[in-house]
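**Student:** Provided herewith: my_file32.cif, mmCIF, C-alpha atoms.
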data_coords
loop_
_atom_site.label_atom_id
_atom_site.label_comp_id
_atom_site.auth_asym_id
_atom_site.auth_seq_id
_atom_site.Cartn_x
_atom_site.Cartn_y
_atom_site.Cartn_z
CA MET A 1 0.00 0.00 0.00
CA THR A 2 3.02 2.26 0.34
CA GLU A 3 6.64 2.24 -0.74
CA SER A 4 7.99 3.80 2.43
CA PRO A 5 8.71 1.46 5.29
CA TYR A 6 7.66 2.28 8.83
CA VAL A 7 9.78 0.01 10.94
CA LEU A 8 9.07 -0.80 14.57
CA GLU A 9 11.96 -1.63 16.86
CA PRO A 10 10.95 -3.97 19.68
CA ILE A 11 11.72 -2.38 23.04
CA GLY A 12 11.27 -5.68 24.87
CA TRP A 13 9.62 -9.07 24.88
CA VAL A 14 6.80 -10.82 26.75
CA GLU A 15 7.68 -13.69 29.08
CA SER A 16 4.50 -15.67 29.65
CA PRO A 17 3.28 -19.22 30.24
CA LEU A 18 1.03 -18.70 27.17
CA VAL A 19 2.67 -20.37 24.20
CA ASP A 20 -0.23 -21.50 22.01
CA ARG A 21 -2.51 -19.03 20.26
CA GLY A 22 -5.38 -21.50 20.14
CA ALA A 23 -5.35 -21.87 23.91
CA ALA A 24 -4.91 -18.18 24.68
CA PRO A 25 -7.81 -16.24 26.18
CA LYS A 26 -9.41 -13.68 23.87
CA GLN A 27 -9.00 -10.83 26.31
CA GLY A 28 -6.68 -10.14 29.21
CA ASP A 29 -9.25 -10.46 31.95
CA GLU A 30 -10.54 -13.84 30.80
CA GLY A 31 -8.12 -15.97 32.75
CA SER A 32 -4.84 -14.71 31.35
CA PRO A 33 -1.78 -15.36 33.46
CA ASP A 34 0.49 -12.79 34.96
CA ALA A 35 3.45 -12.13 32.70
CA TRP A 36 6.78 -10.32 32.65
CA LEU A 37 7.66 -7.51 30.29
CA VAL A 38 11.40 -7.82 29.71
CA PHE A 39 12.70 -4.57 28.33
CA GLU A 40 15.86 -3.97 26.34
CA PRO A 41 18.58 -2.30 28.44
CA ALA A 42 18.73 0.48 25.83
CA VAL A 43 15.27 1.80 26.76
CA ARG A 44 15.54 1.50 30.53
CA ALA A 45 15.64 5.26 31.09
CA GLY A 46 12.15 5.48 29.63
CA LEU A 47 10.78 3.15 32.33
CA ARG A 48 11.80 5.22 35.33
CA ASP A 49 8.38 6.59 36.25
CA LEU A 50 6.37 3.38 35.99
CA GLU A 51 4.79 2.53 39.34
CA VAL A 52 3.60 -0.69 40.94
CA GLY A 53 -0.16 -0.69 41.39
CA THR A 54 -0.90 1.53 38.42
CA GLU A 55 -2.41 0.55 35.09
CA VAL A 56 -0.67 1.10 31.78
CA LEU A 57 -1.31 0.35 28.14
CA VAL A 58 1.15 -2.09 26.61
CA LEU A 59 1.46 -2.13 22.82
CA THR A 60 2.76 -5.31 21.24
CA TRP A 61 3.42 -6.61 17.75
CA LEU A 62 1.31 -9.72 17.28
CA ASP A 63 3.86 -11.46 15.11
CA ARG A 64 1.77 -14.57 14.55
CA ALA A 65 -1.20 -12.70 13.06
CA ASP A 66 -2.51 -12.92 9.49
CA ARG A 67 -2.12 -9.45 7.98
CA ASP A 68 -4.29 -10.11 4.92
CA VAL A 69 -7.50 -10.47 6.91
CA LEU A 70 -10.08 -7.63 6.77
CA VAL A 71 -13.24 -9.42 7.94
CA VAL A 72 -13.51 -11.93 10.80
CA HIS A 73 -15.94 -13.91 12.84
CA PRO A 74 -15.51 -12.24 16.25
CA ARG A 75 -13.89 -14.36 18.94
CA ASP A 76 -13.11 -17.05 16.33
CA ASP A 77 -16.74 -18.17 16.58
CA PRO A 78 -17.95 -19.37 13.16
CA ALA A 79 -21.55 -18.73 14.26
CA ALA A 80 -20.87 -15.06 14.98
CA PRO A 81 -21.71 -12.65 12.14
CA GLU A 82 -18.68 -11.40 10.24
CA ARG A 83 -17.34 -8.00 11.17
CA GLY A 84 -14.76 -5.67 9.67
CA VAL A 85 -11.51 -6.08 11.60
CA PHE A 86 -11.40 -2.40 12.53
CA SER A 87 -14.52 -2.99 14.64
CA THR A 88 -12.92 -5.94 16.44
CA ARG A 89 -9.93 -6.72 18.62
CA SER A 90 -8.84 -9.57 16.35
CA ALA A 91 -5.09 -10.12 16.10
CA ASP A 92 -5.57 -10.70 12.37
CA ARG A 93 -5.52 -7.25 10.74
CA PRO A 94 -3.23 -5.27 8.41
CA ASN A 95 -1.04 -3.93 11.22
CA PRO A 96 -1.29 -6.40 14.11
CA ILE A 97 -0.58 -4.04 16.98
CA GLY A 98 -1.86 -5.47 20.24
CA LEU A 99 -3.23 -3.08 22.85
CA HIS A 100 -3.34 -4.41 26.39
CA ARG A 101 -4.46 -2.61 29.54
CA VAL A 102 -2.61 -4.18 32.45
CA GLU A 103 -1.81 -3.50 36.10
CA ILE A 104 1.83 -3.38 37.14
CA LEU A 105 2.53 -5.94 39.88
CA ALA A 106 6.29 -5.60 40.29
CA ILE A 107 9.29 -3.81 38.83
CA GLU A 108 12.75 -5.36 38.97
CA GLY A 109 15.17 -3.26 36.97
CA ALA A 110 14.13 -3.58 33.33
CA ARG A 111 11.68 -6.40 34.13
CA VAL A 112 8.08 -5.42 34.83
CA GLN A 113 5.49 -7.95 36.01
CA VAL A 114 1.90 -7.32 34.94
CA ARG A 115 -1.48 -8.88 35.65
CA ASN A 116 -3.68 -10.57 33.04
CA LEU A 117 -1.75 -10.22 29.80
CA GLU A 118 -3.17 -12.27 26.92
CA ALA A 119 -0.06 -11.92 24.71
CA LEU A 120 1.90 -15.05 23.89
CA ASP A 121 5.37 -15.80 25.19
CA GLY A 122 7.97 -14.10 23.01
CA THR A 123 5.65 -11.39 21.69
CA PRO A 124 7.60 -8.21 20.89
CA ILE A 125 6.70 -5.13 22.96
CA VAL A 126 6.72 -1.87 21.00
CA ASP A 127 5.43 0.76 23.44
CA VAL A 128 4.05 1.49 26.91
CA LYS A 129 1.70 4.41 27.52
CA PRO A 130 -0.39 5.83 30.36
CA VAL A 131 -4.03 4.79 30.24
CA LEU A 132 -6.28 6.93 28.08
CA ASN A 133 -8.38 8.38 30.87
CA ARG A 134 -8.76 11.94 29.69
CA VAL A 135 -8.26 13.51 33.08
CA LEU A 136 -5.93 11.21 34.94
CA ASP A 137 -3.29 10.57 32.32
CA ARG A 138 -1.95 14.10 32.18
CA MET B 1 17.87 -3.49 19.11
CA THR B 2 16.83 -6.31 16.80
CA GLU B 3 17.78 -7.57 13.38
CA SER B 4 14.27 -8.43 12.26
CA PRO B 5 12.21 -5.62 10.85
CA TYR B 6 8.59 -5.12 11.88
CA VAL B 7 7.16 -3.02 9.11
CA LEU B 8 3.90 -1.11 9.40
CA GLU B 9 1.88 -0.52 6.25
CA PRO B 10 -0.19 2.67 6.45
CA ILE B 11 -3.86 1.89 5.93
CA GLY B 12 -4.72 5.55 5.38
CA TRP B 13 -3.79 9.13 6.08
CA VAL B 14 -5.05 12.00 8.22
CA GLU B 15 -6.52 15.05 6.49
CA SER B 16 -6.50 17.90 8.99
CA PRO B 17 -6.07 21.67 9.18
CA LEU B 18 -3.23 20.97 11.67
CA VAL B 19 0.07 21.27 9.82
CA ASP B 20 2.52 22.52 12.44
CA ARG B 21 3.57 20.38 15.38
CA GLY B 22 4.41 23.41 17.51
CA ALA B 23 0.89 24.75 17.19
CA ALA B 24 -0.88 21.43 17.69
CA PRO B 25 -2.79 20.81 20.91
CA LYS B 26 -1.25 18.27 23.26
CA GLN B 27 -4.38 16.15 23.46
CA GLY B 28 -7.38 15.69 21.22
CA ASP B 29 -9.90 17.38 23.47
CA GLU B 30 -7.85 20.56 23.89
CA GLY B 31 -9.20 22.37 20.90
CA SER B 32 -8.23 19.95 18.14
CA PRO B 33 -10.13 20.32 14.91
CA ASP B 34 -12.31 17.72 13.30
CA ALA B 35 -10.36 15.69 10.77
CA TRP B 36 -10.86 13.12 8.04
CA LEU B 37 -9.37 9.65 8.07
CA VAL B 38 -8.80 8.78 4.42
CA PHE B 39 -8.36 5.04 4.11
CA GLU B 40 -6.69 3.11 1.33
CA PRO B 41 -9.20 1.40 -0.95
CA ALA B 42 -7.45 -1.90 -0.23
CA VAL B 43 -8.63 -1.95 3.40
CA ARG B 44 -12.17 -0.75 2.85
CA ALA B 45 -13.74 -4.11 3.71
CA GLY B 46 -12.33 -3.75 7.21
CA LEU B 47 -14.26 -0.51 7.77
CA ARG B 48 -17.73 -1.89 7.17
CA ASP B 49 -18.95 -2.01 10.77
CA LEU B 50 -17.78 1.44 11.86
CA GLU B 51 -20.74 3.55 12.98
CA VAL B 52 -21.38 7.26 13.18
CA GLY B 53 -21.76 8.41 16.78
CA THR B 54 -19.49 5.76 18.26
CA GLU B 55 -16.00 6.18 19.64
CA VAL B 56 -13.00 4.32 18.28
CA LEU B 57 -9.28 4.22 18.90
CA VAL B 58 -7.19 5.40 15.98
CA LEU B 59 -3.55 4.37 15.89
CA THR B 60 -1.17 6.54 13.89
CA TRP B 61 2.53 6.63 13.11
CA LEU B 62 3.86 9.96 14.33
CA ASP B 63 6.35 10.32 11.54
CA ARG B 64 7.78 13.60 12.75
CA ALA B 65 8.76 12.28 16.19
CA ASP B 66 12.28 11.91 17.61
CA ARG B 67 12.78 8.19 18.25
CA ASP B 68 15.94 8.56 20.34
CA VAL B 69 14.17 10.30 23.21
CA LEU B 70 13.60 8.34 26.46
CA VAL B 71 13.00 11.14 28.96
CA VAL B 72 10.92 14.29 28.40
CA HIS B 73 9.52 17.34 30.09
CA PRO B 74 5.79 16.55 29.91
CA ARG B 75 3.74 18.77 27.62
CA ASP B 76 6.97 20.39 26.33
CA ASP B 77 7.07 22.48 29.52
CA PRO B 78 10.71 23.02 30.55
CA ALA B 79 9.55 23.68 34.13
CA ALA B 80 7.84 20.29 34.40
CA PRO B 81 9.95 17.54 36.02
CA GLU B 82 11.39 15.06 33.54
CA ARG B 83 9.57 11.78 33.09
CA GLY B 84 10.33 8.55 31.31
CA VAL B 85 8.55 8.55 27.96
CA PHE B 86 6.66 5.36 28.79
CA SER B 87 4.83 7.32 31.51
CA THR B 88 3.88 10.08 29.09
CA ARG B 89 1.93 10.58 25.87
CA SER B 90 4.88 12.32 24.20
CA ALA B 91 5.19 11.75 20.47
CA ASP B 92 8.95 11.44 20.99
CA ARG B 93 9.58 7.77 21.95
CA PRO B 94 11.26 4.72 20.40
CA ASN B 95 8.15 3.65 18.48
CA PRO B 96 6.05 6.76 17.89
CA ILE B 97 2.63 5.14 17.68
CA GLY B 98 -0.09 7.68 18.35
CA LEU B 99 -3.23 6.51 20.16
CA HIS B 100 -6.28 8.72 19.70
CA ARG B 101 -9.77 8.20 21.08
CA VAL B 102 -12.18 9.92 18.73
CA GLU B 103 -15.88 10.04 17.92
CA ILE B 104 -17.00 9.23 14.39
CA LEU B 105 -18.95 12.14 12.87
CA ALA B 106 -19.50 10.92 9.32
CA ILE B 107 -18.63 8.06 7.00
CA GLU B 108 -18.42 8.61 3.24
CA GLY B 109 -17.10 5.49 1.58
CA ALA B 110 -13.50 5.08 2.70
CA ARG B 111 -13.43 8.56 4.28
CA VAL B 112 -14.30 8.81 7.96
CA GLN B 113 -14.71 12.16 9.72
CA VAL B 114 -13.80 12.27 13.41
CA ARG B 115 -13.99 14.82 16.20
CA ASN B 116 -10.98 16.27 18.01
CA LEU B 117 -8.00 14.57 16.44
CA GLU B 118 -4.66 16.09 17.44
CA ALA B 119 -2.68 14.32 14.67
CA LEU B 120 -1.09 16.48 11.99
CA ASP B 121 -2.19 16.59 8.37
CA GLY B 122 -0.59 13.74 6.44
CA THR B 123 -0.02 11.50 9.46
CA PRO B 124 -0.15 7.81 8.48
CA ILE B 125 -2.95 5.76 10.04
CA VAL B 126 -1.95 2.23 11.00
CA ASP B 127 -4.99 0.77 12.80
CA VAL B 128 -8.50 1.39 14.12
CA LYS B 129 -9.83 -0.51 17.13
CA PRO B 130 -12.91 -0.50 19.34
CA VAL B 131 -12.43 1.41 22.58
CA LEU B 132 -10.89 -0.52 25.44
CA ASN B 133 -13.94 -0.59 27.67
CA ARG B 134 -13.79 -4.08 29.05
CA VAL B 135 -17.47 -4.77 28.75
CA LEU B 136 -18.68 -2.77 25.77
CA ASP B 137 -16.02 -3.63 23.24
CA ARG B 138 -16.88 -7.30 22.90
#
Go through the file and emit its structure as structure tokens.

**Tutor:**
Amino acid sequence: MTESPYVLEPIGWVESPLVDRGAAPKQGDEGSPDAWLVFEPAVRAGLRDLEVGTEVLVLTWLDRADRDVLVVHPRDDPAAPERGVFSTRSADRPNPIGLHRVEILAIEGARVQVRNLEALDGTPIVDVKPVLNRVLDR
Amino acid sequence: MTESPYVLEPIGWVESPLVDRGAAPKQGDEGSPDAWLVFEPAVRAGLRDLEVGTEVLVLTWLDRADRDVLVVHPRDDPAAPERGVFSTRSADRPNPIGLHRVEILAIEGARVQVRNLEALDGTPIVDVKPVLNRVLDR
């Protein structure tokens, strides 16, 4: 669709007991395990104000997604009516950026433990942001 | 930080009166103009369930950001204490993905008008997702 590349550099990686996409929960609060975000030493300075007990948005690159998909049956349910991917949270989409709202449980140097992350083990992390609450995140 | 590229393909582009980063509001609800999301024809099937009057998350690639920045003065205020970029919404960060919560005002084919978008004219769009509300977005 374009000739110019827009290249993400992973800033870290997910360490999780989840290794199989088929067995993974569809959303973080549906029985996902706690997981560790293991950041690259090069970005550690950017982590300094993260706080245990707060919620953050973690952006990942869902590297096992199918990028050619534009319409899906939500929640992989063949009986569910098809929907355009931009109205779903499906991992299969042109740019498979995962968006996960998680609570920080622990911080150990460049390792951050979070609650209820549905991303698979080894998933690249590309960003961390404050939650989108329009008042509180300023 | 890695040898494997993770390449985003823009799915569209922002059309906005905002052309100068210095003059842009810091957040969408601080006086941002309405804007058009102009999607590539190739992804149009993915748009089919977007609805006027609903809110969505728009992900952009902030192509004028400084990717080497890890610590910033929030809101470009030199008097504000420095913070790690992962605790801020600064555009300057290793992977400058913009996350914008906007209301859909109109849909005309592959053009979608939204309220209060702080992204600059010409900004690449990389994804659209339902809002993160844990109940309503399923």

**Student:** Which residues of chain B are close to chain A, meaning at most 8 Å apart when you count only C-alpha atoms, and how do they look as a ChimeraX atom specification?

**Tutor:** /B:1-2,5-11,40,42-43,45-50,61,70-71,83-89,94-95,97,101,126-130,132,137-138

**Student:** Could you name the residues that touch Pro33 (chain A) at 8 Å or less, counting all atoms listed in the file, but leaving out those on the same chain fewer than 5 positions away, as a list in words?

**Tutor:**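 Near Pro33 (chain A), the qualifying residues are Ser16, Pro17, Leu18, Arg115, Asn116, Leu117 and Glu118 of chain A.
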
**Student:** Report chain A as a compact mmCIF listing (two decimals) with C-alpha atoms, in the frame of the given file in the frame of chain B, after least-squares superposition over all C-alpha atoms paired in order.

**Tutor:**
# COMPACT_ATOMS: atom_id res chain seq x y z
CA MET A 1 17.86 -3.28 19.16
CA THR A 2 16.87 -6.10 16.83
CA GLU A 3 17.85 -7.35 13.40
CA SER A 4 14.35 -8.31 12.33
CA PRO A 5 12.22 -5.58 10.86
CA TYR A 6 8.61 -5.11 11.88
CA VAL A 7 7.16 -3.03 9.12
CA LEU A 8 3.90 -1.12 9.38
CA GLU A 9 1.87 -0.52 6.25
CA PRO A 10 -0.19 2.67 6.44
CA ILE A 11 -3.87 1.88 5.93
CA GLY A 12 -4.72 5.54 5.38
CA TRP A 13 -3.79 9.13 6.08
CA VAL A 14 -5.06 12.01 8.22
CA GLU A 15 -6.54 15.04 6.48
CA SER A 16 -6.50 17.89 8.99
CA PRO A 17 -6.08 21.66 9.19
CA LEU A 18 -3.23 20.97 11.67
CA VAL A 19 0.06 21.28 9.82
CA ASP A 20 2.52 22.53 12.44
CA ARG A 21 3.57 20.39 15.39
CA GLY A 22 4.41 23.42 17.50
CA ALA A 23 0.88 24.76 17.16
CA ALA A 24 -0.87 21.43 17.67
CA PRO A 25 -2.79 20.81 20.89
CA LYS A 26 -1.23 18.26 23.24
CA GLN A 27 -4.36 16.16 23.46
CA GLY A 28 -7.38 15.67 21.24
CA ASP A 29 -9.89 17.39 23.47
CA GLU A 30 -7.84 20.56 23.88
CA GLY A 31 -9.18 22.39 20.88
CA SER A 32 -8.23 19.97 18.14
CA PRO A 33 -10.14 20.31 14.90
CA ASP A 34 -12.32 17.71 13.31
CA ALA A 35 -10.37 15.70 10.76
CA TRP A 36 -10.87 13.12 8.03
CA LEU A 37 -9.38 9.65 8.07
CA VAL A 38 -8.80 8.77 4.42
CA PHE A 39 -8.38 5.05 4.10
CA GLU A 40 -6.68 3.11 1.33
CA PRO A 41 -9.20 1.39 -0.96
CA ALA A 42 -7.45 -1.92 -0.22
CA VAL A 43 -8.64 -1.96 3.40
CA ARG A 44 -12.19 -0.75 2.85
CA ALA A 45 -13.75 -4.11 3.71
CA GLY A 46 -12.35 -3.76 7.21
CA LEU A 47 -14.29 -0.51 7.76
CA ARG A 48 -17.76 -1.91 7.16
CA ASP A 49 -18.96 -2.01 10.76
CA LEU A 50 -17.80 1.44 11.86
CA GLU A 51 -20.77 3.54 12.96
CA VAL A 52 -21.41 7.27 13.17
CA GLY A 53 -21.78 8.40 16.76
CA THR A 54 -19.51 5.76 18.23
CA GLU A 55 -16.01 6.19 19.62
CA VAL A 56 -13.01 4.33 18.28
CA LEU A 57 -9.29 4.23 18.90
CA VAL A 58 -7.20 5.41 15.98
CA LEU A 59 -3.55 4.36 15.88
CA THR A 60 -1.18 6.53 13.88
CA TRP A 61 2.52 6.63 13.10
CA LEU A 62 3.85 9.95 14.34
CA ASP A 63 6.36 10.30 11.55
CA ARG A 64 7.78 13.59 12.77
CA ALA A 65 8.76 12.26 16.21
CA ASP A 66 12.28 11.87 17.62
CA ARG A 67 12.78 8.15 18.25
CA ASP A 68 15.95 8.54 20.34
CA VAL A 69 14.18 10.27 23.22
CA LEU A 70 13.59 8.30 26.46
CA VAL A 71 13.01 11.12 28.96
CA VAL A 72 10.94 14.27 28.39
CA HIS A 73 9.56 17.30 30.09
CA PRO A 74 5.81 16.55 29.93
CA ARG A 75 3.77 18.79 27.65
CA ASP A 76 7.00 20.37 26.34
CA ASP A 77 7.13 22.46 29.52
CA PRO A 78 10.77 22.99 30.57
CA ALA A 79 9.60 23.66 34.14
CA ALA A 80 7.89 20.27 34.41
CA PRO A 81 9.99 17.51 36.02
CA GLU A 82 11.42 15.03 33.54
CA ARG A 83 9.58 11.77 33.10
CA GLY A 84 10.35 8.52 31.32
CA VAL A 85 8.55 8.53 27.97
CA PHE A 86 6.65 5.34 28.78
CA SER A 87 4.84 7.29 31.51
CA THR A 88 3.88 10.07 29.09
CA ARG A 89 1.94 10.57 25.88
CA SER A 90 4.88 12.30 24.20
CA ALA A 91 5.20 11.74 20.46
CA ASP A 92 8.96 11.41 20.99
CA ARG A 93 9.59 7.77 21.94
CA PRO A 94 11.25 4.70 20.40
CA ASN A 95 8.15 3.62 18.48
CA PRO A 96 6.04 6.74 17.90
CA ILE A 97 2.63 5.13 17.68
CA GLY A 98 -0.10 7.66 18.35
CA LEU A 99 -3.24 6.51 20.15
CA HIS A 100 -6.28 8.71 19.70
CA ARG A 101 -9.78 8.19 21.07
CA VAL A 102 -12.19 9.92 18.71
CA GLU A 103 -15.90 10.04 17.91
CA ILE A 104 -16.99 9.22 14.38
CA LEU A 105 -18.95 12.13 12.87
CA ALA A 106 -19.50 10.91 9.32
CA ILE A 107 -18.63 8.06 6.99
CA GLU A 108 -18.41 8.60 3.24
CA GLY A 109 -17.09 5.47 1.58
CA ALA A 110 -13.48 5.08 2.70
CA ARG A 111 -13.45 8.56 4.27
CA VAL A 112 -14.32 8.81 7.95
CA GLN A 113 -14.73 12.16 9.71
CA VAL A 114 -13.81 12.27 13.39
CA ARG A 115 -14.01 14.81 16.20
CA ASN A 116 -11.00 16.28 18.02
CA LEU A 117 -8.01 14.57 16.44
CA GLU A 118 -4.66 16.08 17.43
CA ALA A 119 -2.68 14.33 14.65
CA LEU A 120 -1.08 16.48 11.98
CA ASP A 121 -2.18 16.59 8.37
CA GLY A 122 -0.59 13.73 6.44
CA THR A 123 -0.02 11.50 9.47
CA PRO A 124 -0.14 7.82 8.48
CA ILE A 125 -2.96 5.76 10.04
CA VAL A 126 -1.96 2.22 10.99
CA ASP A 127 -5.00 0.78 12.79
CA VAL A 128 -8.51 1.40 14.11
CA LYS A 129 -9.85 -0.51 17.11
CA PRO A 130 -12.93 -0.50 19.34
CA VAL A 131 -12.47 1.41 22.57
CA LEU A 132 -10.93 -0.54 25.43
CA ASN A 133 -13.97 -0.57 27.68
CA ARG A 134 -13.80 -4.08 29.05
CA VAL A 135 -17.50 -4.76 28.79
CA LEU A 136 -18.70 -2.77 25.83
CA ASP A 137 -16.05 -3.59 23.27
CA ARG A 138 -16.90 -7.25 22.92

**Student:** Looking at B:Glu15, B:Ser32, B:Leu37, B:Asp20, which one is nearest to Val112 (chain B), with distances taken over only C-alpha atoms?

**Tutor:** B:Leu37

**Student:** Kindly give the distance, in Å, that separates CA of Glu55 (chain B) and CA of Ala65 (chain A), rounded to a single decimal.

**Tutor:**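 Rounded to one decimal, the two atoms are 24.9 Å apart.
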
**Student:** Pull out every residue that the PyMOL selection byres ((chain B and resi 120) around 6) matches in the shown coordinates and put them as a list in words.

**Tutor:**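 Output of the PyMOL selection byres ((chain B and resi 120) around 6): Leu18, Val19, Ala119, Asp121 and Thr123 of chain B.
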
**Student:** Using all atoms listed in the file, which of the listed residues (A:Leu62, A:Ala35, A:Ala91, A:Ala80) sits closest to Ile104 (chain A)?

**Tutor:**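 Using all atoms listed in the file, Ile104 (chain A) sits closest to A:Ala35.
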
**Student:** Tell me, in Å to one decimal, how far CA of Gly31 (chain A) is from CA of Glu108 (chain A).

**Tutor:**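 For CA of Gly31 (chain A) relative to CA of Glu108 (chain A), the distance reads 24.2 Å.
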
**Student:** To one decimal place, how far is CA of Gly122 (chain B) from CA of Arg64 (chain B) in Å?

**Tutor:**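 We find that CA of Gly122 (chain B) and CA of Arg64 (chain B) lie 10.5 Å from each other.
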
**Student:** Some atoms are missing, so please complete region 43-57 of chain B with N, CA, C and O atoms and return it as an mmCIF file, in the coordinates of the input.

**Tutor:**
data_model
loop_
_atom_site.group_PDB
_atom_site.id
_atom_site.type_symbol
_atom_site.label_atom_id
_atom_site.label_comp_id
_atom_site.auth_asym_id
_atom_site.auth_seq_id
_atom_site.Cartn_x
_atom_site.Cartn_y
_atom_site.Cartn_z
ATOM 1 N N VAL B 43 -8.191 -1.498 2.077
ATOM 2 C CA VAL B 43 -8.630 -1.950 3.400
ATOM 3 C C VAL B 43 -10.109 -1.655 3.653
ATOM 4 O O VAL B 43 -10.607 -1.858 4.769
ATOM 5 N N ARG B 44 -10.817 -1.225 2.630
ATOM 6 C CA ARG B 44 -12.170 -0.750 2.850
ATOM 7 C C ARG B 44 -13.083 -1.803 3.479
ATOM 8 O O ARG B 44 -13.950 -1.475 4.292
ATOM 9 N N ALA B 45 -12.877 -3.057 3.135
ATOM 10 C CA ALA B 45 -13.740 -4.110 3.710
ATOM 11 C C ALA B 45 -13.634 -4.146 5.234
ATOM 12 O O ALA B 45 -14.589 -4.520 5.915
ATOM 13 N N GLY B 46 -12.508 -3.735 5.760
ATOM 14 C CA GLY B 46 -12.330 -3.750 7.210
ATOM 15 C C GLY B 46 -13.094 -2.664 7.937
ATOM 16 O O GLY B 46 -13.260 -2.718 9.155
ATOM 17 N N LEU B 47 -13.580 -1.662 7.176
ATOM 18 C CA LEU B 47 -14.260 -0.510 7.770
ATOM 19 C C LEU B 47 -15.763 -0.719 7.941
ATOM 20 O O LEU B 47 -16.452 0.112 8.528
ATOM 21 N N ARG B 48 -16.297 -1.816 7.422
ATOM 22 C CA ARG B 48 -17.730 -1.890 7.170
ATOM 23 C C ARG B 48 -18.611 -1.770 8.404
ATOM 24 O O ARG B 48 -19.776 -1.399 8.276
ATOM 25 N N ASP B 49 -18.098 -2.077 9.581
ATOM 26 C CA ASP B 49 -18.950 -2.010 10.770
ATOM 27 C C ASP B 49 -18.701 -0.772 11.630
ATOM 28 O O ASP B 49 -19.232 -0.674 12.741
ATOM 29 N N LEU B 50 -17.910 0.170 11.148
ATOM 30 C CA LEU B 50 -17.780 1.440 11.860
ATOM 31 C C LEU B 50 -19.115 2.179 11.810
ATOM 32 O O LEU B 50 -19.834 2.115 10.820
ATOM 33 N N GLU B 51 -19.438 2.887 12.896
ATOM 34 C CA GLU B 51 -20.740 3.550 12.980
ATOM 35 C C GLU B 51 -20.609 4.994 13.446
ATOM 36 O O GLU B 51 -19.890 5.284 14.413
ATOM 37 N N VAL B 52 -21.332 5.854 12.777
ATOM 38 C CA VAL B 52 -21.380 7.260 13.180
ATOM 39 C C VAL B 52 -21.927 7.352 14.608
ATOM 40 O O VAL B 52 -22.870 6.648 14.970
ATOM 41 N N GLY B 53 -21.309 8.211 15.403
ATOM 42 C CA GLY B 53 -21.760 8.410 16.780
ATOM 43 C C GLY B 53 -21.039 7.547 17.791
ATOM 44 O O GLY B 53 -21.204 7.746 18.992
ATOM 45 N N THR B 54 -20.241 6.610 17.326
ATOM 46 C CA THR B 54 -19.490 5.760 18.260
ATOM 47 C C THR B 54 -18.060 6.279 18.386
ATOM 48 O O THR B 54 -17.571 7.038 17.547
ATOM 49 N N GLU B 55 -17.396 5.835 19.448
ATOM 50 C CA GLU B 55 -16.000 6.180 19.640
ATOM 51 C C GLU B 55 -15.108 5.009 19.228
ATOM 52 O O GLU B 55 -15.463 3.850 19.452
ATOM 53 N N VAL B 56 -13.986 5.339 18.648
ATOM 54 C CA VAL B 56 -13.000 4.320 18.280
ATOM 55 C C VAL B 56 -11.612 4.816 18.685
ATOM 56 O O VAL B 56 -11.403 6.005 18.954
ATOM 57 N N LEU B 57 -10.685 3.878 18.717
ATOM 58 C CA LEU B 57 -9.280 4.220 18.900
ATOM 59 C C LEU B 57 -8.610 4.220 17.537
ATOM 60 O O LEU B 57 -8.705 3.248 16.791
#
